[in-house]
Amino acid sequence: MTNRGTGHLTEYGYRWEIESGYRSIKRFMATTTSKDFGLRFFYFAFACLLYSIWRAVDLLVQVELTDEYEHSPIVTADNTLILVKKETGIG
């Protein structure tokens with residue numbers, strides 16, 4: 001017999017990962033006061049792209065260094081954002 005509460009905790013854990021992901025993506029977004037939907041959507045889509053690249057690079061670095069992947073990043077978002085700003089001047 002399984003505990004029904006365990007299923008709810010698992011579902012909440014997945015929800016928490018999604019919420020944390022959105023919070024992390026916001027760190028990659030450029031700030032704007034524009035009400036132009038197209039521009040705001042572009043900023044969000046670009047932030048999603050940067051976030052995905054960051055997570056992929058972190059995964060590759062972790063696997064190369066340790067032969068495994070943990071959810072805690074080795075390559076931090078702050079270091080990634082500093083590098084992007086330095087290389088592109090954006091940010």
# chains A, B, ... in the order shown; residues from 1 in each chain; ligands from 1
>>> residues_around(residues="Ile53 of chain A", least_positions_apart="3", cutoff="12 Å", atoms="only C-alpha atoms", output="list of chain:residue names")
A:Ile25, A:Phe28, A:Phe46, A:Ala47, A:Cys48, A:Leu49, A:Leu50, A:Ala56, A:Val57, A:Asp58, A:Leu59, A:Leu60, A:Val75, A:Ala77, A:Thr80, A:Leu81, A:Val84
>>> residues_around(residues="Thr33 of chain A", least_positions_apart="5", cutoff="12 Å", atoms="only C-alpha atoms", output="VMD selection string")
chain A and resid 39 to 40 43
>>> select_by_dssp(residues="chain A", states="alpha helix (DSSP H)", output="short mmCIF file (atom, residue, chain, number, x, y, z; two decimals) with C-alpha atoms, in the first residue's frame")
data_model
loop_
_atom_site.label_atom_id
_atom_site.label_comp_id
_atom_site.auth_asym_id
_atom_site.auth_seq_id
_atom_site.Cartn_x
_atom_site.Cartn_y
_atom_site.Cartn_z
CA ARG A 4 -1.15 9.15 -0.88
CA GLY A 5 0.80 11.99 0.73
CA THR A 6 4.00 10.83 -0.93
CA GLY A 7 2.42 11.33 -4.36
CA HIS A 8 1.41 14.86 -3.46
CA LEU A 9 4.91 15.65 -2.23
CA THR A 10 6.38 14.33 -5.47
CA GLU A 11 3.97 16.44 -7.53
CA TYR A 12 4.79 19.51 -5.41
CA GLY A 13 8.51 18.81 -5.90
CA TYR A 14 8.04 18.93 -9.68
CA ARG A 15 6.08 22.16 -9.35
CA TRP A 16 8.86 23.63 -7.19
CA GLU A 17 11.44 22.81 -9.88
CA ILE A 18 9.34 24.63 -12.48
CA GLU A 19 8.94 27.69 -10.23
CA SER A 20 12.67 27.72 -9.49
CA GLY A 21 13.37 27.49 -13.22
CA TYR A 22 11.24 30.56 -13.95
CA ARG A 23 12.96 32.44 -11.13
CA SER A 24 16.34 31.55 -12.63
CA ILE A 25 15.24 32.57 -16.13
CA LYS A 26 14.28 36.01 -14.81
CA ARG A 27 17.93 36.55 -13.85
CA PHE A 37 4.57 42.87 -26.32
CA GLY A 38 6.95 41.85 -29.11
CA LEU A 39 9.97 43.29 -27.33
CA ARG A 40 8.98 41.79 -23.97
CA PHE A 41 8.40 38.40 -25.60
CA PHE A 42 11.79 38.60 -27.31
CA TYR A 43 13.48 39.37 -23.98
CA PHE A 44 11.74 36.38 -22.38
CA ALA A 45 12.59 34.04 -25.27
CA PHE A 46 16.21 35.22 -25.31
CA ALA A 47 16.44 34.74 -21.54
CA CYS A 48 15.11 31.18 -21.95
CA LEU A 49 17.76 30.54 -24.59
CA LEU A 50 20.55 31.90 -22.39
CA TYR A 51 19.27 29.87 -19.42
CA SER A 52 19.20 26.70 -21.53
CA ILE A 53 22.71 27.32 -22.80
CA TRP A 54 23.93 27.91 -19.24
CA ARG A 55 22.38 24.65 -18.01
CA ALA A 56 23.79 22.72 -21.00
CA VAL A 57 27.30 24.11 -20.44
CA ASP A 58 27.05 23.31 -16.73
CA LEU A 59 25.94 19.75 -17.52
CA LEU A 60 28.85 19.25 -19.93
CA VAL A 61 31.37 20.68 -17.45
CA GLN A 62 30.06 18.50 -14.61
CA VAL A 63 30.11 15.32 -16.71
CA GLU A 64 33.60 16.10 -17.98
CA LEU A 65 34.97 16.78 -14.49
CA THR A 66 33.06 14.23 -12.39
CA ALA A 77 24.52 31.89 -13.45
CA ASP A 78 26.43 34.93 -12.17
CA ASN A 79 29.65 33.82 -13.87
CA THR A 80 27.75 33.11 -17.07
CA LEU A 81 26.05 36.52 -17.06
CA ILE A 82 29.37 38.29 -16.41
CA LEU A 83 30.95 36.43 -19.33
CA VAL A 84 28.03 37.24 -21.68
CA LYS A 85 28.19 40.91 -20.69
CA LYS A 86 31.95 41.01 -21.18
CA GLU A 87 31.84 39.31 -24.58
CA THR A 88 28.78 41.09 -25.99
#
>>> decode(residues="segment 10-28 of chain A", atoms="C-alpha atoms", output="PDB file, in the first residue's frame")
ATOM      1  CA  THR A  10       6.379  14.325  -5.470  1.00  0.00           C
ATOM      2  CA  GLU A  11       3.971  16.444  -7.535  1.00  0.00           C
ATOM      3  CA  TYR A  12       4.793  19.507  -5.408  1.00  0.00           C
ATOM      4  CA  GLY A  13       8.509  18.806  -5.905  1.00  0.00           C
ATOM      5  CA  TYR A  14       8.038  18.926  -9.681  1.00  0.00           C
ATOM      6  CA  ARG A  15       6.082  22.164  -9.350  1.00  0.00           C
ATOM      7  CA  TRP A  16       8.855  23.627  -7.191  1.00  0.00           C
ATOM      8  CA  GLU A  17      11.444  22.807  -9.884  1.00  0.00           C
ATOM      9  CA  ILE A  18       9.336  24.635 -12.475  1.00  0.00           C
ATOM     10  CA  GLU A  19       8.942  27.694 -10.226  1.00  0.00           C
ATOM     11  CA  SER A  20      12.675  27.717  -9.494  1.00  0.00           C
ATOM     12  CA  GLY A  21      13.367  27.492 -13.220  1.00  0.00           C
ATOM     13  CA  TYR A  22      11.239  30.555 -13.948  1.00  0.00           C
ATOM     14  CA  ARG A  23      12.959  32.445 -11.133  1.00  0.00           C
ATOM     15  CA  SER A  24      16.338  31.554 -12.635  1.00  0.00           C
ATOM     16  CA  ILE A  25      15.241  32.570 -16.132  1.00  0.00           C
ATOM     17  CA  LYS A  26      14.280  36.010 -14.809  1.00  0.00           C
ATOM     18  CA  ARG A  27      17.932  36.547 -13.852  1.00  0.00           C
ATOM     19  CA  PHE A  28      18.817  36.289 -17.558  1.00  0.00           C
TER      20      PHE A  28
END
